[in-house]
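S.K.: Structure file work.txt (compact mmCIF, C-alpha atoms and all ligand atoms) is given on the next line.
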# COMPACT_ATOMS: atom_id res chain seq x y z
CA MET A 1 8.32 12.08 -16.09
CA ASN A 2 5.17 13.74 -17.42
CA SER A 3 2.62 11.55 -15.66
CA PRO A 4 0.12 13.32 -13.42
CA PHE A 5 0.71 13.58 -9.67
CA LEU A 6 -1.10 10.68 -7.97
CA ARG A 7 -3.29 11.21 -4.90
CA ILE A 8 -3.02 8.05 -2.83
CA GLY A 9 -5.40 7.28 0.02
CA HIS A 10 -3.33 5.91 2.91
CA ARG A 11 -5.08 2.91 4.55
CA GLY A 12 -8.11 4.24 2.66
CA ALA A 13 -8.75 7.72 3.96
CA CYS A 14 -7.75 6.97 7.53
CA GLY A 15 -7.80 10.59 8.67
CA TYR A 16 -11.58 10.37 8.32
CA GLU A 17 -12.54 6.75 8.93
CA PRO A 18 -11.02 3.76 10.79
CA GLU A 19 -7.84 2.70 8.98
CA ASN A 20 -8.00 -0.19 6.52
CA SER A 21 -11.79 -0.48 6.95
CA LEU A 22 -14.35 -0.73 4.17
CA ARG A 23 -15.67 2.66 5.35
CA SER A 24 -12.21 4.10 4.88
CA PHE A 25 -11.87 2.71 1.36
CA LYS A 26 -15.37 3.94 0.45
CA LYS A 27 -14.44 7.40 1.75
CA ALA A 28 -11.26 7.38 -0.36
CA LEU A 29 -13.32 6.50 -3.42
CA THR A 30 -15.71 9.37 -2.76
CA LEU A 31 -12.70 11.67 -2.46
CA LYS A 32 -11.72 10.57 -5.98
CA VAL A 33 -8.26 9.29 -5.15
CA ASP A 34 -6.10 7.83 -7.92
CA MET A 35 -4.94 4.94 -5.75
CA ILE A 36 -5.72 3.37 -2.40
CA GLU A 37 -3.10 1.84 -0.19
CA LEU A 38 -3.78 -1.03 2.23
CA ASP A 39 -1.81 -3.48 4.38
CA VAL A 40 -2.22 -7.26 4.31
CA GLN A 41 -1.50 -10.01 6.80
CA LEU A 42 -2.31 -13.73 6.75
CA CYS A 43 -4.55 -15.14 9.46
CA ARG A 44 -4.40 -18.66 10.93
CA SER A 45 -7.02 -20.10 8.60
CA GLY A 46 -5.05 -18.84 5.58
CA GLU A 47 -7.10 -15.85 4.41
CA LEU A 48 -5.58 -12.47 3.51
CA VAL A 49 -6.90 -9.83 5.87
CA VAL A 50 -6.48 -6.08 5.61
CA ILE A 51 -4.84 -4.88 8.79
CA HIS A 52 -1.62 -2.96 9.44
CA ASP A 53 -0.24 -4.50 12.63
CA SER A 54 0.66 -8.12 13.29
CA LYS A 55 -1.58 -7.83 16.38
CA VAL A 56 -5.20 -6.75 16.53
CA ASP A 57 -4.75 -4.72 19.75
CA ARG A 58 -4.36 -1.19 18.36
CA THR A 59 -7.11 -1.20 15.74
CA THR A 60 -9.79 -3.50 17.18
CA ASP A 61 -11.48 -4.32 20.48
CA GLY A 62 -9.57 -7.62 20.66
CA ILE A 63 -6.08 -8.67 21.64
CA GLY A 64 -3.50 -11.05 20.16
CA SER A 65 -1.75 -11.94 16.92
CA VAL A 66 -3.55 -11.96 13.60
CA ALA A 67 -1.54 -15.05 12.63
CA LYS A 68 -2.92 -16.96 15.61
CA LYS A 69 -6.57 -16.19 14.92
CA SER A 70 -8.94 -17.79 12.45
CA LEU A 71 -10.98 -15.66 10.09
CA GLU A 72 -14.07 -16.53 12.14
CA GLN A 73 -12.42 -15.12 15.28
CA LEU A 74 -11.15 -12.01 13.49
CA LYS A 75 -14.51 -11.26 11.94
CA LYS A 76 -16.10 -11.02 15.40
CA LEU A 77 -13.85 -8.07 16.34
CA ASP A 78 -14.88 -4.45 16.02
CA ALA A 79 -12.31 -2.77 13.80
CA GLY A 80 -13.89 0.68 14.22
CA LYS A 81 -17.40 2.13 14.04
CA GLY A 82 -18.83 -1.39 14.25
CA GLY A 83 -17.10 -2.67 11.09
CA SER A 84 -15.02 -5.82 10.86
CA ILE A 85 -11.50 -6.37 9.52
CA PRO A 86 -11.97 -6.70 5.75
CA LEU A 87 -10.71 -9.56 3.64
CA LEU A 88 -8.57 -8.44 0.72
CA PRO A 89 -11.16 -9.70 -1.82
CA GLU A 90 -13.83 -7.57 -0.09
CA VAL A 91 -11.75 -4.46 -0.76
CA LEU A 92 -10.98 -5.47 -4.33
CA ASP A 93 -14.68 -6.11 -5.00
CA LEU A 94 -15.48 -2.66 -3.62
CA VAL A 95 -12.88 -0.97 -5.82
CA ASP A 96 -13.99 -3.04 -8.81
CA ASN A 97 -11.06 -2.15 -11.12
CA ARG A 98 -11.87 1.59 -10.97
CA ILE A 99 -8.56 2.78 -9.49
CA ILE A 100 -5.13 1.44 -8.55
CA VAL A 101 -4.88 -0.68 -5.42
CA ASN A 102 -1.50 -0.63 -3.68
CA ILE A 103 -1.28 -3.82 -1.66
CA GLU A 104 1.45 -3.48 0.93
CA LEU A 105 2.77 -6.94 1.83
CA LYS A 106 3.02 -6.29 5.53
CA GLY A 107 2.83 -9.81 6.89
CA LYS A 108 5.30 -12.62 6.27
CA ARG A 109 4.53 -15.04 3.42
CA THR A 110 1.83 -12.79 1.97
CA ALA A 111 3.43 -12.34 -1.48
CA GLU A 112 2.48 -15.73 -2.87
CA PRO A 113 -1.21 -15.79 -1.81
CA VAL A 114 -1.61 -12.18 -2.92
CA SER A 115 -0.21 -13.08 -6.35
CA VAL A 116 -2.59 -16.04 -6.61
CA LEU A 117 -5.53 -13.79 -5.72
CA ILE A 118 -4.51 -11.10 -8.20
CA LYS A 119 -4.36 -13.70 -10.98
CA LYS A 120 -8.05 -14.46 -10.28
CA TYR A 121 -8.91 -10.78 -10.58
CA LEU A 122 -6.91 -10.43 -13.79
CA HIS A 123 -8.93 -13.34 -15.20
CA LYS A 124 -12.10 -11.49 -14.16
CA GLY A 125 -10.95 -8.58 -16.33
CA TRP A 126 -9.01 -6.30 -13.98
CA ASP A 127 -6.35 -4.18 -15.60
CA LYS A 128 -2.90 -5.33 -14.40
CA ASP A 129 -1.84 -1.71 -13.94
CA ASN A 130 -4.55 -1.33 -11.32
CA PHE A 131 -2.36 -3.36 -8.98
CA LEU A 132 0.80 -2.15 -7.27
CA LEU A 133 2.56 -4.49 -4.84
CA SER A 134 4.90 -3.02 -2.25
CA SER A 135 6.72 -3.91 0.94
CA PHE A 136 9.52 -2.96 3.30
CA SER A 137 10.50 -6.64 3.31
CA ARG A 138 12.97 -7.62 0.62
CA GLU A 139 11.96 -11.24 1.09
CA GLU A 140 8.33 -10.46 0.27
CA LEU A 141 9.33 -8.28 -2.68
CA ILE A 142 11.52 -11.01 -4.17
CA ASP A 143 8.69 -13.53 -3.69
CA ALA A 144 6.24 -11.08 -5.25
CA ARG A 145 8.42 -10.72 -8.34
CA GLU A 146 8.86 -14.49 -8.65
CA ASN A 147 5.13 -15.07 -8.37
CA SER A 148 4.04 -12.06 -10.43
CA PRO A 149 6.59 -11.42 -13.18
CA ASN A 150 4.45 -8.76 -14.87
CA LEU A 151 3.03 -6.78 -11.97
CA ASN A 152 4.11 -3.31 -10.86
CA ILE A 153 6.22 -3.39 -7.73
CA GLY A 154 7.24 -0.57 -5.39
CA VAL A 155 9.98 -0.64 -2.77
CA ASN A 156 9.12 0.96 0.59
CA ILE A 157 12.07 2.55 2.38
CA THR A 158 12.82 4.47 5.56
CA SER A 159 16.47 5.01 4.67
CA LEU A 160 18.57 4.91 1.54
CA LYS A 161 20.99 2.00 1.72
CA LYS A 162 24.02 1.58 -0.53
CA ASP A 163 22.25 -1.07 -2.56
CA THR A 164 18.67 0.27 -2.49
CA MET A 165 18.69 1.41 -6.12
CA GLN A 166 20.39 -1.73 -7.32
CA PHE A 167 17.91 -3.90 -5.43
CA ALA A 168 14.95 -1.97 -6.86
CA ARG A 169 16.34 -2.19 -10.40
CA SER A 170 17.06 -5.92 -10.05
CA LEU A 171 13.41 -6.41 -9.09
CA GLY A 172 12.25 -4.38 -12.06
CA ALA A 173 10.46 -2.09 -9.59
CA CYS A 174 8.51 0.77 -11.08
CA SER A 175 8.59 2.93 -7.96
CA ILE A 176 10.31 3.65 -4.69
CA HIS A 177 8.24 4.78 -1.71
CA PRO A 178 10.37 6.80 0.74
CA SER A 179 9.16 8.22 4.03
CA LEU A 180 8.53 11.96 4.02
CA GLN A 181 11.43 12.39 6.46
CA ILE A 182 14.07 11.17 3.99
CA THR A 183 12.56 12.71 0.87
CA THR A 184 14.85 15.35 -0.62
CA LYS A 185 15.21 16.77 -4.12
CA LYS A 186 18.47 14.86 -4.46
CA LEU A 187 16.74 11.56 -3.66
CA VAL A 188 13.84 12.27 -6.01
CA ASP A 189 16.21 13.19 -8.85
CA GLU A 190 18.28 10.05 -8.29
CA ILE A 191 15.21 7.76 -8.34
CA HIS A 192 14.00 9.46 -11.52
CA ARG A 193 17.45 9.02 -13.10
CA GLN A 194 17.13 5.32 -12.38
CA GLY A 195 13.83 5.29 -14.28
CA MET A 196 11.49 4.82 -11.32
CA LYS A 197 8.70 6.90 -9.78
CA VAL A 198 8.63 8.37 -6.29
CA PHE A 199 5.57 7.92 -4.07
CA VAL A 200 6.05 9.49 -0.63
CA TRP A 201 4.34 8.57 2.67
CA THR A 202 2.67 9.92 4.76
CA VAL A 203 2.00 13.48 3.66
CA ASN A 204 -0.76 15.24 5.58
CA GLU A 205 0.35 18.83 6.19
CA GLU A 206 -0.07 21.60 3.62
CA LYS A 207 3.59 22.66 3.84
CA ASP A 208 4.77 19.10 3.18
CA ILE A 209 2.33 18.68 0.31
CA ALA A 210 3.68 21.88 -1.26
CA ARG A 211 7.33 20.85 -0.73
CA THR A 212 6.94 17.34 -2.16
CA LYS A 213 5.15 18.71 -5.22
CA GLU A 214 7.85 21.31 -5.69
CA ILE A 215 10.57 18.67 -5.79
CA ASN A 216 8.57 16.71 -8.36
CA VAL A 217 7.49 13.58 -6.57
CA ASP A 218 5.04 11.46 -8.58
CA GLY A 219 2.49 10.99 -5.85
CA CYS A 220 1.87 11.08 -2.11
CA PHE A 221 0.12 8.81 0.34
CA SER A 222 -2.11 10.83 2.63
CA ASP A 223 -4.53 10.12 5.48
CA TYR A 224 -6.46 13.13 4.09
CA PRO A 225 -6.11 12.50 0.34
CA ASP A 226 -8.44 15.40 -0.51
CA ARG A 227 -5.73 17.78 0.76
CA LEU A 228 -3.45 16.58 -2.04
O1 LIG A 301 3.22 2.04 1.97
C1 LIG A 301 3.46 3.30 2.48
C2 LIG A 301 3.17 3.37 3.96
O2 LIG A 301 1.90 2.86 4.19
C3 LIG A 301 4.18 2.61 4.76
O3 LIG A 301 4.07 2.79 6.14
O4 LIG A 301 3.47 2.01 8.38
O5 LIG A 301 1.82 3.27 7.05
O6 LIG A 301 2.41 0.94 6.46
P1 LIG A 301 2.88 2.22 7.04
CA CA A 302 1.01 0.69 4.62
Starting from the file, lay out its structure as structure tokens.
M.R.:
Amino acid sequence: MNSPFLRIGHRGACGYEPENSLRSFKKALTLKVDMIELDVQLCRSGELVVIHDSKVDRTTDGIGSVAKKSLEQLKKLDAGKGGSIPLLPEVLDLVDNRIIVNIELKGKRTAEPVSVLIKKYLHKGWDKDNFLLSSFSREELIDARENSPNLNIGVNITSLKKDTMQFARSLGACSIHPSLQITTKKLVDEIHRQGMKVFVWTVNEEKDIARTKEINVDGCFSDYPDRL
């Protein structure tokens, strides 16, 4: 494991700008992150939108489920500082193959349309290693692997289950993404023994940044990626 430590902008750089907004992704780029992380959901009209929750309530001036709103309705909402909820292609066009984009499959049935979209970007010349698909949902991860046999996949976890490693290996995952709370040296060593990388979320405090680096994690997601 000699690869450099990766600085990953969580929901862009959401400590500085509204989460999952184009402003946030632009900020992360100016902070020279190695990777940006974002969350995707499907809206009623079938587009992939970049928003964390299944409802718009917390992050916009609207209310209700993303899945029950058309893109036209969603685009009218203020998702922070006057910006709208971005479409996934809008974020990809902004990044323009310069750094890795970690697309977290947050919503149900997002794996297949995300894979279709990525294929378009690969045809446009994107480097396949500039995509990393991840999810907490095993269903989405299995679908992602079926639809994208060659893409990098990461498994998000909040606890280590008996079959976590076996599941990740069966997927051909390249990384496991544990929460900071469960990240120990023992866990990191075990993931490395299994041939995968460890990307930890969400690491904002100096003492946690120091500890995760000391136990050799491969990268951290941070709301303040410049602190990494
Ligand atoms: O993908 C890592 C991290 O983003 C998972 O948690 O809730 O911030 O999506 P959450
Ligand atoms: Ca996320």
S.K.: Around (17.9, -1.0, -9.8) in the file's frame, which residues reach within 12 Å when counting all atoms listed in the file? Return as a PyMOL selection string?
M.R.: chain A and resi 154-155+162-176+190-196
S.K.: Residues near Ile103 (chain A), anyone? I mean within 7 Å using all atoms listed in the file, not counting same-chain ones fewer than 6 positions away, as a ChimeraX atom specification.
M.R.: /A:37-40,132-134
S.K.: Check the smallest atom-to-atom distance from each of A:Val114, A:Arg138, A:Lys75, A:Gly219 to His10 (chain A) using all atoms listed in the file, then report the winner.
M.R.: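 Using all atoms listed in the file, the shortest distance to His10 (chain A) belongs to A:Gly219.
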S.K.: To one decimal place, how far is CA of Val66 (chain A) from CA of Glu112 (chain A) in Å?
M.R.: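 We find that CA of Val66 (chain A) and CA of Glu112 (chain A) lie 17.9 Å from each other.
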S.K.: Name each residue within 12 Å of ligand CA 302 (chain A), counting all atoms listed in the file, as an mmCIF file with C-alpha atoms, keeping the file's coordinate frame.
M.R.:
data_model
loop_
_atom_site.group_PDB
_atom_site.id
_atom_site.type_symbol
_atom_site.label_atom_id
_atom_site.label_comp_id
_atom_site.auth_asym_id
_atom_site.auth_seq_id
_atom_site.Cartn_x
_atom_site.Cartn_y
_atom_site.Cartn_z
ATOM 1 C CA ILE A 8 -3.020 8.050 -2.830
ATOM 2 C CA GLY A 9 -5.400 7.280 0.020
ATOM 3 C CA HIS A 10 -3.330 5.910 2.910
ATOM 4 C CA ARG A 11 -5.080 2.910 4.550
ATOM 5 C CA GLY A 12 -8.110 4.240 2.660
ATOM 6 C CA CYS A 14 -7.750 6.970 7.530
ATOM 7 C CA GLU A 19 -7.840 2.700 8.980
ATOM 8 C CA ASN A 20 -8.000 -0.190 6.520
ATOM 9 C CA ILE A 36 -5.720 3.370 -2.400
ATOM 10 C CA GLU A 37 -3.100 1.840 -0.190
ATOM 11 C CA LEU A 38 -3.780 -1.030 2.230
ATOM 12 C CA ASP A 39 -1.810 -3.480 4.380
ATOM 13 C CA VAL A 40 -2.220 -7.260 4.310
ATOM 14 C CA GLN A 41 -1.500 -10.010 6.800
ATOM 15 C CA VAL A 50 -6.480 -6.080 5.610
ATOM 16 C CA ILE A 51 -4.840 -4.880 8.790
ATOM 17 C CA HIS A 52 -1.620 -2.960 9.440
ATOM 18 C CA ASP A 53 -0.240 -4.500 12.630
ATOM 19 C CA VAL A 101 -4.880 -0.680 -5.420
ATOM 20 C CA ASN A 102 -1.500 -0.630 -3.680
ATOM 21 C CA ILE A 103 -1.280 -3.820 -1.660
ATOM 22 C CA GLU A 104 1.450 -3.480 0.930
ATOM 23 C CA LEU A 105 2.770 -6.940 1.830
ATOM 24 C CA LYS A 106 3.020 -6.290 5.530
ATOM 25 C CA GLY A 107 2.830 -9.810 6.890
ATOM 26 C CA LEU A 133 2.560 -4.490 -4.840
ATOM 27 C CA SER A 134 4.900 -3.020 -2.250
ATOM 28 C CA SER A 135 6.720 -3.910 0.940
ATOM 29 C CA PHE A 136 9.520 -2.960 3.300
ATOM 30 C CA GLY A 154 7.240 -0.570 -5.390
ATOM 31 C CA VAL A 155 9.980 -0.640 -2.770
ATOM 32 C CA ASN A 156 9.120 0.960 0.590
ATOM 33 C CA ILE A 157 12.070 2.550 2.380
ATOM 34 C CA HIS A 177 8.240 4.780 -1.710
ATOM 35 C CA PRO A 178 10.370 6.800 0.740
ATOM 36 C CA SER A 179 9.160 8.220 4.030
ATOM 37 C CA VAL A 200 6.050 9.490 -0.630
ATOM 38 C CA TRP A 201 4.340 8.570 2.670
ATOM 39 C CA THR A 202 2.670 9.920 4.760
ATOM 40 C CA PHE A 221 0.120 8.810 0.340
ATOM 41 C CA SER A 222 -2.110 10.830 2.630
ATOM 42 C CA ASP A 223 -4.530 10.120 5.480
#
